[in-house]
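Text of model.txt (compact mmCIF, C-alpha atoms) as supplied:
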# COMPACT_ATOMS: atom_id res chain seq x y z
CA MET O 1 105.72 -64.29 -234.56
CA LYS O 2 107.74 -64.78 -231.39
CA ILE O 3 108.34 -61.03 -231.24
CA GLU O 4 104.63 -60.33 -231.76
CA ILE O 5 103.67 -62.56 -228.83
CA LEU O 6 106.33 -61.01 -226.62
CA LYS O 7 104.99 -57.56 -227.50
CA ASN O 8 101.52 -58.64 -226.45
CA VAL O 9 102.80 -60.11 -223.19
CA LEU O 10 104.56 -56.84 -222.36
CA GLU O 11 101.50 -54.81 -223.32
CA VAL O 12 99.22 -56.85 -221.07
CA ASN O 13 101.83 -56.55 -218.31
CA ASP O 14 102.07 -52.77 -218.70
CA ASN O 15 98.31 -52.24 -218.76
CA LEU O 16 97.88 -54.21 -215.57
CA ALA O 17 100.81 -52.33 -213.99
CA ASN O 18 99.07 -49.04 -214.81
CA ASP O 19 95.86 -50.35 -213.21
CA ILE O 20 97.82 -51.12 -210.05
CA ARG O 21 99.24 -47.59 -209.93
CA GLU O 22 95.86 -46.02 -210.56
CA LYS O 23 94.42 -47.84 -207.57
CA SER O 24 97.45 -47.22 -205.33
CA ASP O 25 97.33 -43.50 -206.17
CA LYS O 26 93.70 -43.40 -205.15
CA SER O 27 94.33 -45.22 -201.88
CA LYS O 28 97.61 -43.31 -201.29
CA THR O 29 99.59 -46.53 -200.98
CA LEU O 30 103.28 -46.32 -201.90
CA VAL O 31 104.38 -49.48 -203.73
CA LEU O 32 108.14 -50.11 -203.92
CA ASN O 33 109.84 -52.77 -206.03
CA MET O 34 113.18 -53.89 -204.60
CA MET O 35 115.53 -55.71 -206.98
CA SER O 36 119.10 -57.02 -206.79
CA SER O 37 121.44 -59.91 -207.48
CA PRO O 38 120.93 -62.99 -205.33
CA GLY O 39 122.51 -62.50 -201.94
CA SER O 40 122.97 -58.75 -201.92
CA GLY O 41 120.85 -58.49 -198.80
CA LYS O 42 117.28 -57.56 -199.73
CA THR O 43 115.74 -59.74 -197.03
CA SER O 44 118.26 -58.63 -194.40
CA ILE O 45 117.38 -55.03 -195.20
CA LEU O 46 113.70 -55.82 -194.68
CA GLU O 47 114.51 -57.51 -191.37
CA LYS O 48 116.07 -54.26 -190.14
CA LEU O 49 113.57 -51.95 -191.81
CA LEU O 50 110.26 -53.52 -190.81
CA PRO O 51 110.50 -52.90 -187.04
CA LYS O 52 111.33 -49.25 -187.82
CA LEU O 53 108.31 -48.95 -190.11
CA LEU O 54 106.14 -50.56 -187.46
CA PHE O 55 107.55 -48.23 -184.77
CA ASN O 56 106.74 -45.23 -186.95
CA GLY O 57 103.16 -46.34 -187.47
CA ILE O 58 103.54 -46.95 -191.19
CA LYS O 59 101.06 -49.63 -192.23
CA THR O 60 103.17 -51.94 -194.38
CA GLY O 61 102.71 -55.12 -196.38
CA ILE O 62 105.36 -57.27 -198.02
CA ILE O 63 105.34 -59.30 -201.22
CA GLU O 64 108.11 -61.89 -201.43
CA GLY O 65 109.03 -63.18 -204.85
CA ASP O 66 110.98 -66.40 -205.12
CA ILE O 67 111.28 -69.14 -207.65
CA THR O 68 110.78 -71.70 -204.94
CA THR O 69 110.82 -71.93 -201.13
CA THR O 70 109.28 -69.52 -198.63
CA ARG O 71 112.59 -68.86 -196.88
CA ASP O 72 112.53 -65.09 -197.22
CA ALA O 73 108.92 -64.81 -196.11
CA ASP O 74 109.74 -67.10 -193.18
CA ARG O 75 112.57 -64.78 -192.13
CA ILE O 76 110.36 -61.73 -191.82
CA ILE O 77 107.06 -63.33 -190.83
CA GLY O 78 107.67 -62.60 -187.14
CA ASN O 79 107.29 -58.88 -187.65
CA GLU O 80 103.52 -58.42 -187.33
CA ILE O 81 103.53 -57.26 -190.91
CA PRO O 82 101.47 -59.16 -193.51
CA VAL O 83 103.55 -61.08 -196.05
CA VAL O 84 102.36 -62.68 -199.27
CA GLN O 85 104.71 -65.13 -200.92
CA ILE O 86 104.76 -65.54 -204.68
CA ASN O 87 106.51 -68.64 -205.92
CA THR O 88 107.17 -68.27 -209.63
CA GLU O 89 107.86 -71.99 -209.94
CA LYS O 90 104.31 -72.70 -211.02
CA PHE O 91 104.74 -70.15 -213.83
CA GLY O 92 107.72 -72.05 -215.17
CA GLY O 93 110.32 -70.82 -212.68
CA ASP O 94 110.04 -67.25 -213.90
CA CYS O 95 113.11 -65.15 -213.31
CA HIS O 96 111.08 -62.03 -212.48
CA LEU O 97 107.76 -60.86 -211.10
CA GLY O 98 105.26 -59.54 -213.64
CA SER O 99 102.23 -57.46 -212.79
CA GLU O 100 99.98 -60.50 -213.37
CA VAL O 101 101.41 -62.17 -210.24
CA VAL O 102 101.88 -58.95 -208.27
CA LYS O 103 98.24 -57.84 -208.69
CA PRO O 104 96.64 -60.82 -206.89
CA ALA O 105 99.29 -60.58 -204.17
CA LEU O 106 98.47 -56.89 -203.66
CA ASP O 107 94.78 -57.73 -203.50
CA GLN O 108 95.46 -60.43 -200.94
CA LEU O 109 97.25 -57.81 -198.81
CA HIS O 110 94.30 -55.38 -199.25
CA TYR O 111 96.89 -52.87 -200.30
CA GLU O 112 94.33 -50.09 -200.54
CA LYS O 113 94.30 -50.09 -196.73
CA LEU O 114 98.09 -49.84 -196.40
CA ASP O 115 100.53 -46.92 -196.52
CA LEU O 116 103.30 -48.97 -198.03
CA VAL O 117 103.92 -52.21 -199.88
CA ILE O 118 107.45 -53.43 -200.53
CA ILE O 119 107.90 -56.06 -203.23
CA GLU O 120 111.05 -58.14 -202.88
CA ASN O 121 111.61 -59.28 -206.45
CA VAL O 122 113.40 -62.48 -207.56
CA GLY O 123 117.17 -62.17 -207.09
CA ASN O 124 118.33 -61.28 -210.58
CA LEU O 125 119.96 -58.15 -212.03
CA VAL O 126 118.62 -58.80 -215.52
CA CYS O 127 115.02 -59.89 -216.09
CA PRO O 128 113.15 -58.08 -213.29
CA ALA O 129 114.25 -54.75 -214.80
CA GLU O 130 112.34 -55.60 -217.99
CA PHE O 131 108.92 -55.99 -216.36
CA ASP O 132 106.83 -53.23 -214.84
CA THR O 133 105.38 -54.60 -211.57
CA GLY O 134 103.01 -51.70 -211.05
CA ALA O 135 105.25 -50.26 -208.34
CA ASP O 136 105.62 -46.50 -207.97
CA LYS O 137 109.36 -46.64 -207.55
CA ASN O 138 112.08 -49.17 -208.25
CA ILE O 139 115.01 -49.72 -205.91
CA VAL O 140 118.17 -51.63 -206.74
CA VAL O 141 120.25 -53.07 -203.92
CA ILE O 142 123.90 -53.66 -204.67
CA SER O 143 126.41 -55.11 -202.27
CA VAL O 144 129.96 -53.77 -202.12
CA THR O 145 131.20 -57.35 -202.47
CA GLU O 146 129.83 -57.43 -206.04
CA GLY O 147 132.43 -55.01 -207.42
CA GLU O 148 132.18 -51.54 -208.92
CA ASP O 149 131.26 -52.50 -212.49
CA LYS O 150 127.72 -53.81 -212.09
CA PRO O 151 125.93 -50.62 -213.25
CA LEU O 152 127.89 -50.72 -216.52
CA LYS O 153 127.26 -54.42 -217.05
CA TYR O 154 123.56 -54.40 -216.12
CA PRO O 155 122.59 -50.89 -217.29
CA LEU O 156 118.84 -51.47 -217.73
CA MET O 157 118.48 -52.25 -214.02
CA PHE O 158 120.14 -48.98 -213.11
CA ARG O 159 118.12 -47.05 -215.70
CA VAL O 160 114.74 -48.15 -214.34
CA CYS O 161 115.54 -47.49 -210.67
CA GLU O 162 115.20 -44.25 -208.70
CA LEU O 163 117.29 -45.37 -205.73
CA SER O 164 120.45 -47.44 -205.33
CA VAL O 165 120.95 -48.93 -201.90
CA ILE O 166 124.60 -49.85 -201.50
CA ASN O 167 124.69 -52.58 -198.86
CA LYS O 168 127.31 -54.35 -196.73
CA VAL O 169 129.46 -51.25 -196.17
CA ASP O 170 130.62 -52.91 -192.94
CA LEU O 171 132.80 -55.12 -195.17
CA LEU O 172 134.58 -52.18 -196.84
CA PRO O 173 137.72 -52.40 -194.66
CA PHE O 174 138.28 -55.96 -195.90
CA LEU O 175 137.65 -55.35 -199.60
CA ASN O 176 139.61 -53.90 -202.46
CA PHE O 177 136.68 -51.71 -203.40
CA ASP O 178 136.44 -48.19 -204.81
CA MET O 179 133.18 -46.59 -203.66
CA GLU O 180 133.73 -43.47 -205.76
CA GLN O 181 134.07 -45.66 -208.84
CA LEU O 182 130.79 -47.42 -208.07
CA THR O 183 128.88 -44.18 -207.57
CA ALA O 184 130.47 -42.72 -210.74
CA ASN O 185 129.39 -45.83 -212.66
CA ILE O 186 125.86 -45.54 -211.28
CA ARG O 187 125.63 -41.87 -212.26
CA GLN O 188 127.07 -42.62 -215.71
CA ILE O 189 124.06 -44.86 -216.35
CA ASN O 190 121.53 -42.80 -214.40
CA PRO O 191 122.57 -39.24 -213.47
CA ASN O 192 119.47 -38.75 -211.29
CA MET O 193 119.90 -41.86 -209.16
CA GLU O 194 119.61 -41.35 -205.42
CA ILE O 195 122.18 -43.34 -203.47
CA ILE O 196 122.03 -44.55 -199.87
CA LYS O 197 124.90 -46.52 -198.33
CA ILE O 198 123.97 -48.90 -195.54
CA SER O 199 124.85 -52.05 -193.67
CA ALA O 200 121.87 -54.26 -192.95
CA GLN O 201 124.21 -56.35 -190.80
CA THR O 202 125.16 -53.53 -188.38
CA ASP O 203 122.07 -51.34 -189.02
CA GLU O 204 124.39 -48.53 -190.15
CA ASN O 205 122.41 -45.83 -191.95
CA VAL O 206 119.27 -47.97 -192.41
CA ASP O 207 117.50 -44.95 -190.92
CA ALA O 208 118.38 -43.03 -194.08
CA LEU O 209 116.45 -45.60 -196.08
CA LEU O 210 113.55 -45.27 -193.65
CA LYS O 211 113.65 -41.51 -194.15
CA TRP O 212 113.68 -41.91 -197.94
CA ILE O 213 110.57 -44.09 -197.69
CA GLN O 214 108.86 -41.63 -195.36
CA ASN O 215 109.58 -38.78 -197.79
CA ASN O 216 107.99 -40.78 -200.61
CA LEU O 217 104.81 -41.87 -198.80
CA LYS O 218 101.71 -40.62 -200.59
CA ASN O 219 99.88 -39.31 -197.53
CA MET J 220 101.14 -71.26 -229.06
CA LYS J 221 103.68 -69.51 -226.83
CA ILE J 222 104.56 -72.84 -225.20
CA GLU J 223 104.89 -74.49 -228.62
CA ILE J 224 107.33 -71.85 -229.80
CA LEU J 225 109.32 -72.05 -226.57
CA LYS J 226 109.54 -75.82 -227.01
CA ASN J 227 110.91 -75.35 -230.51
CA VAL J 228 113.46 -72.81 -229.31
CA LEU J 229 114.67 -75.22 -226.64
CA GLU J 230 114.79 -78.10 -229.11
CA VAL J 231 116.87 -76.12 -231.60
CA ASN J 232 119.12 -75.05 -228.72
CA ASP J 233 119.57 -78.64 -227.49
CA ASN J 234 120.32 -80.01 -230.95
CA LEU J 235 122.97 -77.41 -231.55
CA ALA J 236 124.41 -78.07 -228.07
CA ASN J 237 124.69 -81.76 -228.93
CA ASP J 238 126.48 -80.86 -232.18
CA ILE J 239 128.98 -78.83 -230.15
CA ARG J 240 129.67 -81.76 -227.83
CA GLU J 241 130.03 -84.21 -230.72
CA LYS J 242 132.70 -82.02 -232.25
CA SER J 243 134.47 -81.29 -228.94
CA ASP J 244 134.55 -85.02 -228.14
CA LYS J 245 136.19 -85.69 -231.48
CA SER J 246 138.79 -82.94 -230.99
CA LYS J 247 139.23 -83.80 -227.28
CA THR J 248 138.40 -80.26 -226.22
CA LEU J 249 136.94 -79.84 -222.74
CA VAL J 250 134.26 -77.12 -222.74
CA LEU J 251 133.27 -75.69 -219.35
CA ASN J 252 130.34 -73.38 -218.68
CA MET J 253 130.84 -71.16 -215.62
CA MET J 254 127.74 -69.56 -214.13
CA SER J 255 126.99 -67.45 -211.06
CA SER J 256 125.27 -64.38 -209.68
CA PRO J 257 126.67 -61.04 -210.76
CA GLY J 258 129.77 -60.21 -208.75
CA SER J 259 130.57 -63.59 -207.27
CA GLY J 260 134.00 -63.51 -208.90
CA LYS J 261 133.95 -65.46 -212.19
CA THR J 262 136.29 -63.05 -213.95
CA SER J 263 138.62 -62.78 -210.95
CA ILE J 264 138.86 -66.57 -210.89
CA LEU J 265 139.80 -66.56 -214.57
CA GLU J 266 142.44 -63.90 -213.89
CA LYS J 267 144.09 -66.22 -211.38
CA LEU J 268 143.47 -69.42 -213.32
CA LEU J 269 144.64 -68.45 -216.81
CA PRO J 270 148.35 -67.96 -216.00
CA LYS J 271 148.31 -71.39 -214.29
CA LEU J 272 146.72 -73.01 -217.35
CA LEU J 273 149.26 -71.29 -219.57
CA PHE J 274 152.13 -72.41 -217.31
CA ASN J 275 150.88 -75.99 -217.49
CA GLY J 276 150.75 -75.94 -221.28
CA ILE J 277 146.99 -76.30 -221.49
CA LYS J 278 145.82 -74.65 -224.70
CA THR J 279 142.86 -72.58 -223.56
CA GLY J 280 140.27 -70.26 -225.08
CA ILE J 281 137.73 -68.08 -223.31
CA ILE J 282 134.20 -67.04 -224.22
CA GLU J 283 132.93 -64.03 -222.32
CA GLY J 284 129.20 -63.51 -222.17
CA ASP J 285 127.86 -60.12 -221.21
CA ILE J 286 124.73 -58.17 -221.94
CA THR J 287 126.82 -55.17 -222.82
CA THR J 288 130.41 -53.91 -222.43
CA THR J 289 133.63 -55.83 -222.98
CA ARG J 290 134.87 -55.20 -219.44
CA ASP J 291 135.43 -58.84 -218.51
CA ALA J 292 137.20 -59.64 -221.76
CA ASP J 293 139.32 -56.53 -221.28
CA ARG J 294 140.36 -57.74 -217.82
CA ILE J 295 141.75 -61.04 -219.05
CA ILE J 296 142.92 -60.04 -222.54
CA GLY J 297 146.50 -59.58 -221.35
CA ASN J 298 146.92 -63.30 -220.75
CA GLU J 299 148.01 -64.52 -224.20
CA ILE J 300 144.86 -66.58 -224.27
CA PRO J 301 142.29 -66.01 -227.02
CA VAL J 302 139.06 -64.41 -225.85
CA VAL J 303 135.82 -64.06 -227.78
CA GLN J 304 133.27 -61.66 -226.40
CA ILE J 305 129.56 -62.28 -226.85
CA ASN J 306 127.34 -59.29 -226.15
CA THR J 307 123.76 -60.48 -225.84
CA GLU J 308 122.47 -56.91 -226.23
CA LYS J 309 121.89 -57.38 -229.95
CA PHE J 310 119.74 -60.42 -229.15
CA GLY J 311 117.49 -58.29 -226.93
CA GLY J 312 119.70 -58.19 -223.84
CA ASP J 313 119.41 -61.91 -223.27
CA CYS J 314 119.91 -63.02 -219.70
CA HIS J 315 121.79 -66.18 -220.70
CA LEU J 316 123.96 -67.69 -223.43
CA GLY J 317 122.29 -70.19 -225.73
CA SER J 318 124.13 -72.63 -227.97
CA GLU J 319 123.26 -70.45 -231.00
CA VAL J 320 125.60 -67.72 -229.74
CA VAL J 321 128.16 -70.08 -228.20
CA LYS J 322 128.66 -72.09 -231.43
CA PRO J 323 129.97 -69.19 -233.57
CA ALA J 324 132.16 -68.06 -230.67
CA LEU J 325 133.65 -71.57 -230.39
CA ASP J 326 134.24 -71.61 -234.14
CA GLN J 327 135.95 -68.22 -233.95
CA LEU J 328 138.28 -69.67 -231.28
CA HIS J 329 138.95 -72.74 -233.49
CA TYR J 330 138.08 -74.77 -230.45
CA GLU J 331 138.95 -78.03 -232.17
CA LYS J 332 142.61 -77.01 -231.78
CA LEU J 333 142.31 -76.27 -228.05
CA ASP J 334 142.44 -78.47 -224.94
CA LEU J 335 140.02 -76.31 -223.00
CA VAL J 336 137.39 -73.64 -223.50
CA ILE J 337 135.85 -71.83 -220.54
CA ILE J 338 132.59 -70.02 -221.11
CA GLU J 339 131.87 -67.23 -218.64
CA ASN J 340 128.10 -66.99 -218.80
CA VAL J 341 125.98 -63.89 -218.08
CA GLY J 342 125.85 -63.15 -214.34
CA ASN J 343 122.52 -64.66 -213.36
CA LEU J 344 121.57 -67.61 -211.11
CA VAL J 345 118.31 -68.27 -212.95
CA CYS J 346 118.14 -68.23 -216.74
CA PRO J 347 121.57 -69.60 -217.74
CA ALA J 348 120.69 -72.86 -215.96
CA GLU J 349 117.80 -73.38 -218.37
CA PHE J 350 119.86 -73.37 -221.57
CA ASP J 351 122.33 -76.04 -222.64
CA THR J 352 125.38 -74.21 -224.03
CA GLY J 353 126.98 -77.34 -225.45
CA ALA J 354 129.51 -77.42 -222.62
CA ASP J 355 130.68 -80.76 -221.20
CA LYS J 356 130.39 -79.62 -217.62
CA ASN J 357 128.65 -76.82 -215.79
CA ILE J 358 130.24 -74.99 -212.88
CA VAL J 359 128.45 -72.68 -210.47
CA VAL J 360 130.45 -70.09 -208.57
CA ILE J 361 128.95 -68.89 -205.32
CA SER J 362 130.48 -66.30 -203.04
CA VAL J 363 130.31 -66.67 -199.26
CA THR J 364 128.92 -63.13 -199.11
CA GLU J 365 125.74 -64.33 -200.83
CA GLY J 366 124.53 -66.36 -197.85
CA GLU J 367 123.93 -70.07 -197.29
CA ASP J 368 120.46 -70.35 -198.81
CA LYS J 369 121.16 -69.84 -202.52
CA PRO J 370 121.10 -73.57 -203.49
CA LEU J 371 117.61 -73.88 -201.99
CA LYS J 372 116.34 -70.71 -203.67
CA TYR J 373 117.90 -71.38 -207.09
CA PRO J 374 117.77 -75.18 -207.21
CA LEU J 375 117.87 -75.65 -210.98
CA MET J 376 121.29 -73.99 -211.15
CA PHE J 377 122.63 -76.42 -208.57
CA ARG J 378 120.96 -79.37 -210.25
CA VAL J 379 122.60 -78.79 -213.64
CA CYS J 380 126.12 -78.22 -212.29
CA GLU J 381 128.83 -80.77 -211.52
CA LEU J 382 131.05 -78.46 -209.50
CA SER J 383 130.38 -75.69 -206.99
CA VAL J 384 133.23 -73.25 -206.54
CA ILE J 385 132.75 -71.42 -203.26
CA ASN J 386 134.63 -68.14 -203.64
CA LYS J 387 135.79 -65.30 -201.37
CA VAL J 388 136.68 -67.54 -198.41
CA ASP J 389 139.18 -64.82 -197.42
CA LEU J 390 136.14 -62.86 -196.17
CA LEU J 391 134.92 -65.64 -193.85
CA PRO J 392 136.42 -64.11 -190.68
CA PHE J 393 134.29 -61.00 -191.23
CA LEU J 394 131.01 -62.69 -192.05
CA ASN J 395 128.28 -64.35 -190.11
CA PHE J 396 128.39 -67.35 -192.42
CA ASP J 397 127.91 -71.07 -191.85
CA MET J 398 129.95 -73.02 -194.40
CA GLU J 399 128.55 -76.37 -193.27
CA GLN J 400 125.04 -75.08 -193.85
CA LEU J 401 125.95 -74.00 -197.39
CA THR J 402 127.51 -77.35 -198.28
CA ALA J 403 124.55 -79.19 -196.72
CA ASN J 404 122.17 -77.05 -198.80
CA ILE J 405 124.17 -77.78 -201.95
CA ARG J 406 124.13 -81.52 -201.27
CA GLN J 407 120.41 -81.43 -200.48
CA ILE J 408 119.80 -80.22 -204.04
CA ASN J 409 122.60 -82.20 -205.69
CA PRO J 410 124.15 -85.02 -203.63
CA ASN J 411 126.88 -85.63 -206.22
CA MET J 412 128.11 -82.06 -206.42
CA GLU J 413 131.86 -81.59 -206.16
CA ILE J 414 132.81 -78.59 -204.04
CA ILE J 415 136.00 -76.53 -204.11
CA LYS J 416 136.50 -73.59 -201.73
CA ILE J 417 138.78 -70.83 -202.96
CA SER J 418 139.68 -67.18 -202.77
CA ALA J 419 140.39 -65.63 -206.14
CA GLN J 420 141.54 -62.55 -204.24
CA THR J 421 144.33 -64.29 -202.31
CA ASP J 422 144.79 -67.24 -204.73
CA GLU J 423 143.95 -69.63 -201.87
CA ASN J 424 143.21 -73.09 -203.22
CA VAL J 425 142.81 -71.96 -206.85
CA ASP J 426 145.26 -74.78 -207.57
CA ALA J 427 142.52 -77.24 -206.55
CA LEU J 428 140.36 -75.84 -209.31
CA LEU J 429 143.26 -76.15 -211.73
CA LYS J 430 143.66 -79.78 -210.66
CA TRP J 431 139.93 -80.43 -211.16
CA ILE J 432 140.19 -79.07 -214.68
CA GLN J 433 143.32 -81.13 -215.40
CA ASN J 434 141.53 -84.27 -214.21
CA ASN J 435 138.66 -83.56 -216.58
CA LEU J 436 140.67 -82.79 -219.72
CA LYS J 437 139.81 -85.17 -222.54
CA ASN J 438 143.35 -85.98 -223.63

Would you mind writing the file out in structure tokens?
Amino acid sequence: MKIEILKNVLEVNDNLANDIREKSDKSKTLVLNMMSSPGSGKTSILEKLLPKLLFNGIKTGIIEGDITTTRDADRIIGNEIPVVQINTEKFGGDCHLGSEVVKPALDQLHYEKLDLVIIENVGNLVCPAEFDTGADKNIVVISVTEGEDKPLKYPLMFRVCELSVINKVDLLPFLNFDMEQLTANIRQINPNMEIIKISAQTDENVDALLKWIQNNLKN
Amino acid sequence: MKIEILKNVLEVNDNLANDIREKSDKSKTLVLNMMSSPGSGKTSILEKLLPKLLFNGIKTGIIEGDITTTRDADRIIGNEIPVVQINTEKFGGDCHLGSEVVKPALDQLHYEKLDLVIIENVGNLVCPAEFDTGADKNIVVISVTEGEDKPLKYPLMFRVCELSVINKVDLLPFLNFDMEQLTANIRQINPNMEIIKISAQTDENVDALLKWIQNNLKN
């Protein structure tokens, strides 16, 4: 019975996710879902990215997912870019964002008028990978301080993503870290994964991420 | 109906967790549950800690929780300390360890003959905090590369733990990180939290963690 209910929950989630994509295709809005462990730098990446998006005239909205607090939204709210905060606490402290909470947030942003929406999912390498948010593309952020083995240990996350952003490369000189091993591990799980190495701290190569977004815009 | 089933699942989990503690109290076995984000250094801490435990004659067993792979168990298997690996993949890729998977692992270790069992939970700051494993004490590991705000964003984890191990302090010179802010955030969520700052990389202060464990042994 438990399995039956779970199946229904996932089915409802998937149907709503498909509705989101149907609408965002029509309005030519690119919806990105950014996932990662806690603390790998999703919000810091947004802090560097948003002024660039603004400068390039890309109409952007942000959805911030958190169990509690509005800290991440607060960090980026200064950027003249609309932010909707989802706190999953009222849904029982959910460890992920499902399409049922993303849809009203998208509507609140009037996403049909935007070129781009970036969803910052709850910090978690496990559960968010299991739920379709309705995004067009999934991005996983991984920090070099997390070690090389994460793709092998959390394979579903790396299977559902099109792009791996490897963050905090400014710390490489101080770490015992094998970048080739990480990229080999990523490709072992997902041979087609695109990989961009950046430092949100120093802004190194964040332009490559901007370019990737620009190449994926629908209009 | 979904809520009813969830309640039952949690009740079964809690009952079994209490059974574990009843038995470990009788046998004077300290059971610790170590939780953290992926990549904050749980396994590296064990690699440094286990030889010290061995040297001090503390009979120890390890339970390694992972969604898939035996990488963590493989890393510590050389230490003459028994390791049982739990892969949650067969339970649907569970994002946490429940007492129903911990109990058979404890039995396989013959934990009643040990002084200490350390459970390395699945890397996840959310879900593992929601499930009583039957451990006597919960430990959260947080790396300084994850930022100061994690206690505020993942409060349940910091509420259920007795000890915060702040890892990777060797990287502090290279980070824009405010240690006082982190400890203040921890204490805001849990005023009684014990805090130990270490580097598993350089072995700095890992002896303080050893001492904490020794002070908490049941015999």

For Asn438 (chain J), the closest of J:Ile337, J:Val345, J:Leu249, J:Leu273 counting all atoms listed in the file is J:Leu249

Can you work out the spacing between CA of Leu152 (chain O) and CA of Asp14 (chain O) in Å, to one decimal?
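If I compute the distance from CA of Leu152 (chain O) to CA of Asp14 (chain O), I get 26.0 Å.
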
Can you work out which residues from chain J touch chain O at a cut-off of 10 Å (counting all atoms listed in the file) and hand them back as a ChimeraX atom specification?
/J:220-221,224-225,255-260,285-291,312-315,341-346,349,361-369,371-375,387,389-390,392-395,420

Could you write out that same residue set with C-alpha atoms as a compact mmCIF listing (two decimals), in the coordinates of the input?
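Below is the file again.txt, written as the result:
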# COMPACT_ATOMS: atom_id res chain seq x y z
CA MET J 220 101.14 -71.26 -229.06
CA LYS J 221 103.68 -69.51 -226.83
CA ILE J 224 107.33 -71.85 -229.80
CA LEU J 225 109.32 -72.05 -226.57
CA SER J 255 126.99 -67.45 -211.06
CA SER J 256 125.27 -64.38 -209.68
CA PRO J 257 126.67 -61.04 -210.76
CA GLY J 258 129.77 -60.21 -208.75
CA SER J 259 130.57 -63.59 -207.27
CA GLY J 260 134.00 -63.51 -208.90
CA ASP J 285 127.86 -60.12 -221.21
CA ILE J 286 124.73 -58.17 -221.94
CA THR J 287 126.82 -55.17 -222.82
CA THR J 288 130.41 -53.91 -222.43
CA THR J 289 133.63 -55.83 -222.98
CA ARG J 290 134.87 -55.20 -219.44
CA ASP J 291 135.43 -58.84 -218.51
CA GLY J 312 119.70 -58.19 -223.84
CA ASP J 313 119.41 -61.91 -223.27
CA CYS J 314 119.91 -63.02 -219.70
CA HIS J 315 121.79 -66.18 -220.70
CA VAL J 341 125.98 -63.89 -218.08
CA GLY J 342 125.85 -63.15 -214.34
CA ASN J 343 122.52 -64.66 -213.36
CA LEU J 344 121.57 -67.61 -211.11
CA VAL J 345 118.31 -68.27 -212.95
CA CYS J 346 118.14 -68.23 -216.74
CA GLU J 349 117.80 -73.38 -218.37
CA ILE J 361 128.95 -68.89 -205.32
CA SER J 362 130.48 -66.30 -203.04
CA VAL J 363 130.31 -66.67 -199.26
CA THR J 364 128.92 -63.13 -199.11
CA GLU J 365 125.74 -64.33 -200.83
CA GLY J 366 124.53 -66.36 -197.85
CA GLU J 367 123.93 -70.07 -197.29
CA ASP J 368 120.46 -70.35 -198.81
CA LYS J 369 121.16 -69.84 -202.52
CA LEU J 371 117.61 -73.88 -201.99
CA LYS J 372 116.34 -70.71 -203.67
CA TYR J 373 117.90 -71.38 -207.09
CA PRO J 374 117.77 -75.18 -207.21
CA LEU J 375 117.87 -75.65 -210.98
CA LYS J 387 135.79 -65.30 -201.37
CA ASP J 389 139.18 -64.82 -197.42
CA LEU J 390 136.14 -62.86 -196.17
CA PRO J 392 136.42 -64.11 -190.68
CA PHE J 393 134.29 -61.00 -191.23
CA LEU J 394 131.01 -62.69 -192.05
CA ASN J 395 128.28 -64.35 -190.11
CA GLN J 420 141.54 -62.55 -204.24

Long-range neighbours of Ala17 (chain O) as a tab-separated table (two decimals) with C-alpha atoms, in the coordinates of the input, 6 Å cut-off, only C-alpha atoms, 4 positions minimum in chain:
chain	number	residue	atom	x	y	z
O	99	SER	CA	102.23	-57.46	-212.79
O	133	THR	CA	105.38	-54.60	-211.57
O	134	GLY	CA	103.01	-51.70	-211.05

Step by step, gather every atom of region 92-101 of chain O that the file lists, find the box along x, y and z that holds them, add 8 Å on each side, and finally give centre and edge lengths in Å to one decimal, as lines of an AutoDock Vina configuration file.
center_x = 106.5
center_y = -64.8
center_z = -212.7
size_x = 29.1
size_y = 30.6
size_z = 20.9

Which polymer residues have any atom within 8 Å of an atom of Leu272 (chain J), counting all atoms listed in the file, with same-chain residues fewer than 6 positions away left out, as a list in words?
Lys278, Thr279 and Leu429 of chain J

What does the file look like for those residues with C-alpha atoms, as an mmCIF file, in the coordinates of the input?
data_model
loop_
_atom_site.group_PDB
_atom_site.id
_atom_site.type_symbol
_atom_site.label_atom_id
_atom_site.label_comp_id
_atom_site.auth_asym_id
_atom_site.auth_seq_id
_atom_site.Cartn_x
_atom_site.Cartn_y
_atom_site.Cartn_z
ATOM 1 C CA LYS J 278 145.820 -74.650 -224.700
ATOM 2 C CA THR J 279 142.860 -72.580 -223.560
ATOM 3 C CA LEU J 429 143.260 -76.150 -211.730
#

Report, in Å with one decimal, the straight-line distance from CA of Arg21 (chain O) to CA of Ala129 (chain O).
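Straight-line distance from CA of Arg21 (chain O) to CA of Ala129 (chain O) works out to 17.3 Å.
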
What gap, in Å, lies between CA of Ser44 (chain O) and CA of Asp203 (chain O)?
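CA of Asp203 (chain O) lies 9.8 Å from CA of Ser44 (chain O).
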